[in-house]
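Here is the structure we will look at, set down as structure tokens.
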Amino acid sequence: MNSEENDQSSVVWFLTGMRGLFSLPAFILMLSFVGFCSLTAQAGIPPQQVVFMTGMVWALPAKVILVSSMMSGASLAAAFLAVSLSSVRLMPMVAALIPELRTSKTPTWLLLFLSHFVAITAWVFAMEKVQAVPRDKRVAFFAGFGITLVVANMVLVAIVYHFVADFPPVVAGCLFFLTPIYFLASIWHSARHPVVYIALLFGLLAGPLFYWLAPEFDILLAGVGGGTLAWAVERLWRGRREIGA
Amino acid sequence: MTWHDGWWAYAFIAIAGWLATDIWRWLGVIAGNRLRDDSEALNWVRAVATALVAAVIAKLILYPTGVLEHSPLWLRLGAVAIGAAAFFLLGRKPAIGIVTTIATLAAGLWWLGF
């Protein structure tokens, strides 16, 4: 294949990634952003700032924490610390995704740029779908999906902000609940390594346990503690099976 | 000076929002670039990343904000349990689990007079 054809096929994979906008995960994320709009509208944050926040921060849990810091009048340092702590999870998520995306020739600056578009939805979607994409086209595919999803949600926020003031409570409650349920179903569905099932289960139990023990660092401790235990259990189990076989 | 004064709000969002999240993404790229995709280290990273997301899920279900803050815990857990049963019994399709859970929750909220 000559390089011109190769470029063309990258464009095709970028467009394939863009089409991910019309998928169940993207649809659920957009509904979650409608819910986020209603939160910011109630908090009195102007729509321009909400659009800016959507593009710059992207990860929804980090934005919810940023908004609650802004509302409570927290200092810049306190808000930075709270958002940082909630976002440590992005590091292992990106670290797990990068080996799936890159080839030996992918420049690091491109990966640094594209990492901005990683949040839970894009991560779950990419971990599931990249398997079916040729390795040298995965970066183009992810760029198409990630960039489109961010831009679409910025537009959505700008439009929807003005209409969300008075949702019926049942609708608002269901919008909120969509996010965790979608994450749960799609992680289980897309898991290709046995360790993922165990880590999911341990994380679900460790989350509330550490919230009760050490609420400031609960997510971090639950992830590192629950994840390490899940990894150790799966490794032991794998070792036993290999001996038995 | 408070957060809603013009440029300061944007600077606040950029520092406490953008920088506080992208630092971790960049560190993730640097760490991920060193991992081979069949290594035991990546298996551990995968487990930690999954457990972190799972902890976020558990918190959203157990300690929600907004309207659901006032809903009973048994309703939320019951909706998840019925959704999970539908997911496993009916071919493990995410859409089935999600629709069943949300429909159960909506019916429960309506019945409780929300």
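Labels used: A, B, ... for chains in the order of the structure tokens, numbers from 1 for residues in each chain, and numbers from 1 for ligands as shown.
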
Could you work out which residues of chain B fall inside 6 Å of chain A? Count only C-alpha atoms, and format the result as a PDB file with N, CA and C atoms, in the first residue's frame.
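Below is the file iface.pdb, written as the result:
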ATOM      1  N   ALA B  16      -8.006  24.862  38.095  1.00  0.00           N
ATOM      2  CA  ALA B  16      -8.566  23.833  38.987  1.00  0.00           C
ATOM      3  C   ALA B  16      -9.284  22.734  38.216  1.00  0.00           C
ATOM      4  N   GLY B  17      -9.628  22.994  36.937  1.00  0.00           N
ATOM      5  CA  GLY B  17     -10.338  21.994  36.150  1.00  0.00           C
ATOM      6  C   GLY B  17      -9.451  21.319  35.113  1.00  0.00           C
ATOM      7  N   TRP B  18      -8.974  22.118  34.166  1.00  0.00           N
ATOM      8  CA  TRP B  18      -8.218  21.543  33.057  1.00  0.00           C
ATOM      9  C   TRP B  18      -6.865  20.980  33.510  1.00  0.00           C
ATOM     10  N   ALA B  20      -5.788  20.255  36.493  1.00  0.00           N
ATOM     11  CA  ALA B  20      -5.921  19.210  37.523  1.00  0.00           C
ATOM     12  C   ALA B  20      -6.329  17.861  36.925  1.00  0.00           C
ATOM     13  N   THR B  21      -6.933  17.859  35.723  1.00  0.00           N
ATOM     14  CA  THR B  21      -7.288  16.575  35.107  1.00  0.00           C
ATOM     15  C   THR B  21      -6.250  16.141  34.077  1.00  0.00           C
ATOM     16  N   TRP B  24      -2.924  14.197  34.946  1.00  0.00           N
ATOM     17  CA  TRP B  24      -3.027  12.741  35.133  1.00  0.00           C
ATOM     18  C   TRP B  24      -3.093  12.015  33.810  1.00  0.00           C
ATOM     19  N   ARG B  25      -3.750  12.645  32.826  1.00  0.00           N
ATOM     20  CA  ARG B  25      -3.804  12.010  31.504  1.00  0.00           C
ATOM     21  C   ARG B  25      -2.394  11.950  30.905  1.00  0.00           C
ATOM     22  N   TRP B  26      -1.626  13.049  31.061  1.00  0.00           N
ATOM     23  CA  TRP B  26      -0.261  13.061  30.498  1.00  0.00           C
ATOM     24  C   TRP B  26       0.624  12.037  31.197  1.00  0.00           C
ATOM     25  N   GLY B  28      -0.405   9.373  32.479  1.00  0.00           N
ATOM     26  CA  GLY B  28      -0.884   8.081  31.977  1.00  0.00           C
ATOM     27  C   GLY B  28      -0.261   7.731  30.641  1.00  0.00           C
ATOM     28  N   VAL B  29      -0.092   8.729  29.752  1.00  0.00           N
ATOM     29  CA  VAL B  29       0.551   8.487  28.455  1.00  0.00           C
ATOM     30  C   VAL B  29       1.990   8.047  28.678  1.00  0.00           C
ATOM     31  N   ALA B  31       3.349   6.694  31.370  1.00  0.00           N
ATOM     32  CA  ALA B  31       3.388   5.357  31.962  1.00  0.00           C
ATOM     33  C   ALA B  31       2.986   4.299  30.933  1.00  0.00           C
ATOM     34  N   GLY B  32       1.923   4.582  30.174  1.00  0.00           N
ATOM     35  CA  GLY B  32       1.408   3.610  29.204  1.00  0.00           C
ATOM     36  C   GLY B  32       2.386   3.325  28.083  1.00  0.00           C
ATOM     37  N   ASP B  37       1.958  -4.650  25.784  1.00  0.00           N
ATOM     38  CA  ASP B  37       0.532  -4.933  25.924  1.00  0.00           C
ATOM     39  C   ASP B  37       0.230  -6.373  26.334  1.00  0.00           C
ATOM     40  N   TRP B  44      -2.018  -5.431  35.976  1.00  0.00           N
ATOM     41  CA  TRP B  44      -2.253  -4.757  37.255  1.00  0.00           C
ATOM     42  C   TRP B  44      -2.889  -3.382  37.025  1.00  0.00           C
ATOM     43  N   VAL B  45      -2.342  -2.625  36.067  1.00  0.00           N
ATOM     44  CA  VAL B  45      -2.878  -1.291  35.755  1.00  0.00           C
ATOM     45  C   VAL B  45      -4.347  -1.407  35.345  1.00  0.00           C
ATOM     46  N   ARG B  46      -4.637  -2.435  34.541  1.00  0.00           N
ATOM     47  CA  ARG B  46      -6.002  -2.673  34.083  1.00  0.00           C
ATOM     48  C   ARG B  46      -6.937  -2.937  35.280  1.00  0.00           C
ATOM     49  N   ALA B  47      -6.447  -3.734  36.235  1.00  0.00           N
ATOM     50  CA  ALA B  47      -7.252  -4.055  37.425  1.00  0.00           C
ATOM     51  C   ALA B  47      -7.501  -2.806  38.255  1.00  0.00           C
ATOM     52  N   VAL B  48      -6.462  -1.977  38.448  1.00  0.00           N
ATOM     53  CA  VAL B  48      -6.616  -0.758  39.251  1.00  0.00           C
ATOM     54  C   VAL B  48      -7.581   0.215  38.558  1.00  0.00           C
ATOM     55  N   ALA B  49      -7.417   0.391  37.235  1.00  0.00           N
ATOM     56  CA  ALA B  49      -8.298   1.309  36.501  1.00  0.00           C
ATOM     57  C   ALA B  49      -9.748   0.857  36.593  1.00  0.00           C
ATOM     58  N   THR B  50      -9.984  -0.449  36.453  1.00  0.00           N
ATOM     59  CA  THR B  50     -11.351  -0.972  36.529  1.00  0.00           C
ATOM     60  C   THR B  50     -11.931  -0.798  37.927  1.00  0.00           C
ATOM     61  N   ALA B  51     -11.122  -1.086  38.961  1.00  0.00           N
ATOM     62  CA  ALA B  51     -11.610  -0.948  40.335  1.00  0.00           C
ATOM     63  C   ALA B  51     -11.924   0.515  40.671  1.00  0.00           C
ATOM     64  N   LEU B  52     -11.118   1.446  40.151  1.00  0.00           N
ATOM     65  CA  LEU B  52     -11.380   2.882  40.369  1.00  0.00           C
ATOM     66  C   LEU B  52     -12.729   3.272  39.779  1.00  0.00           C
ATOM     67  N   ALA B  54     -15.178   1.276  39.115  1.00  0.00           N
ATOM     68  CA  ALA B  54     -16.211   0.570  39.869  1.00  0.00           C
ATOM     69  C   ALA B  54     -16.540   1.306  41.169  1.00  0.00           C
ATOM     70  N   ALA B  55     -15.507   1.875  41.817  1.00  0.00           N
ATOM     71  CA  ALA B  55     -15.745   2.623  43.054  1.00  0.00           C
ATOM     72  C   ALA B  55     -16.581   3.873  42.773  1.00  0.00           C
ATOM     73  N   ILE B  57     -18.772   4.099  40.366  1.00  0.00           N
ATOM     74  CA  ILE B  57     -20.116   3.576  40.105  1.00  0.00           C
ATOM     75  C   ILE B  57     -20.853   3.340  41.430  1.00  0.00           C
ATOM     76  N   ALA B  58     -20.167   2.659  42.365  1.00  0.00           N
ATOM     77  CA  ALA B  58     -20.796   2.342  43.650  1.00  0.00           C
ATOM     78  C   ALA B  58     -21.200   3.611  44.388  1.00  0.00           C
ATOM     79  N   VAL B  67     -32.174  14.827  42.897  1.00  0.00           N
ATOM     80  CA  VAL B  67     -33.463  14.199  43.224  1.00  0.00           C
ATOM     81  C   VAL B  67     -33.279  12.861  43.946  1.00  0.00           C
ATOM     82  N   LEU B  68     -32.319  12.050  43.476  1.00  0.00           N
ATOM     83  CA  LEU B  68     -32.169  10.689  44.013  1.00  0.00           C
ATOM     84  C   LEU B  68     -31.657  10.662  45.449  1.00  0.00           C
ATOM     85  N   PRO B  94     -26.050  -5.073  27.021  1.00  0.00           N
ATOM     86  CA  PRO B  94     -26.080  -3.898  27.902  1.00  0.00           C
ATOM     87  C   PRO B  94     -27.414  -3.150  27.848  1.00  0.00           C
TER      88      PRO B  94
END

| request: Run DSSP on the backbone of this structure and report the residues of chain B it assigns to helix (DSSP H, G or I), as number ranges by chain. | output: B: 6-33, 40-62, 66-70, 73-89, 94-111

| query | What is the distance, in Å and to one decimal place, between atom CA of Ala84 of chain B and atom CA of Leu29 of chain A? | reply | 20.4 Å

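Near Ile159 of chain A, within a cut-off of 10 Å and counting only C-alpha atoms, sit the residues Val34, Cys37, Pro47, Val51, Asn153, Met154, Val155, Leu156, His162, Phe163 and Val164 of chain A, with same-chain residues fewer than 3 positions away left out.
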
Please, could you write that set of residues out with C-alpha atoms as a compact mmCIF listing (two decimals), in the first residue's frame?
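File produced: out-v1.txt:
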# COMPACT_ATOMS: atom_id res chain seq x y z
CA VAL A 34 -28.33 17.14 29.98
CA CYS A 37 -26.70 21.17 32.53
CA PRO A 47 -23.69 28.93 30.00
CA VAL A 51 -19.36 25.15 27.61
CA ASN A 153 -21.38 17.78 23.94
CA MET A 154 -20.12 21.40 23.94
CA VAL A 155 -22.80 22.23 21.35
CA LEU A 156 -25.40 20.23 23.27
CA HIS A 162 -31.72 27.18 28.45
CA PHE A 163 -34.34 24.41 28.58
CA VAL A 164 -33.40 22.32 31.59

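When only C-alpha atoms are used to measure the gap to Val11 of chain A, the shortest distance among A:Pro215, A:Gly239, A:Gly144, A:Gly244 belongs to A:Gly144.
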
| message | For a test of reading the model, state the distance in Å between atom CA of Trp123 of chain A and atom CA of Leu75 of chain B, rounded to one decimal. | response | 29.3 Å

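Considering the residues A:Val139, A:Val233, A:Ala158, A:Val64 and counting only C-alpha atoms, Leu60 of chain B has its shortest atom-to-atom contact with A:Val64.
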
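For Gly78 of chain B, the set of protein, DNA and RNA residues having any atom at most 10 Å away, when counting only C-alpha atoms and skipping those fewer than 4 positions along the same chain, is B:Leu73, B:Trp74, B:Ile82, B:Gly83, B:Ala84, B:Thr101, B:Thr104, B:Leu105, B:Gly108.
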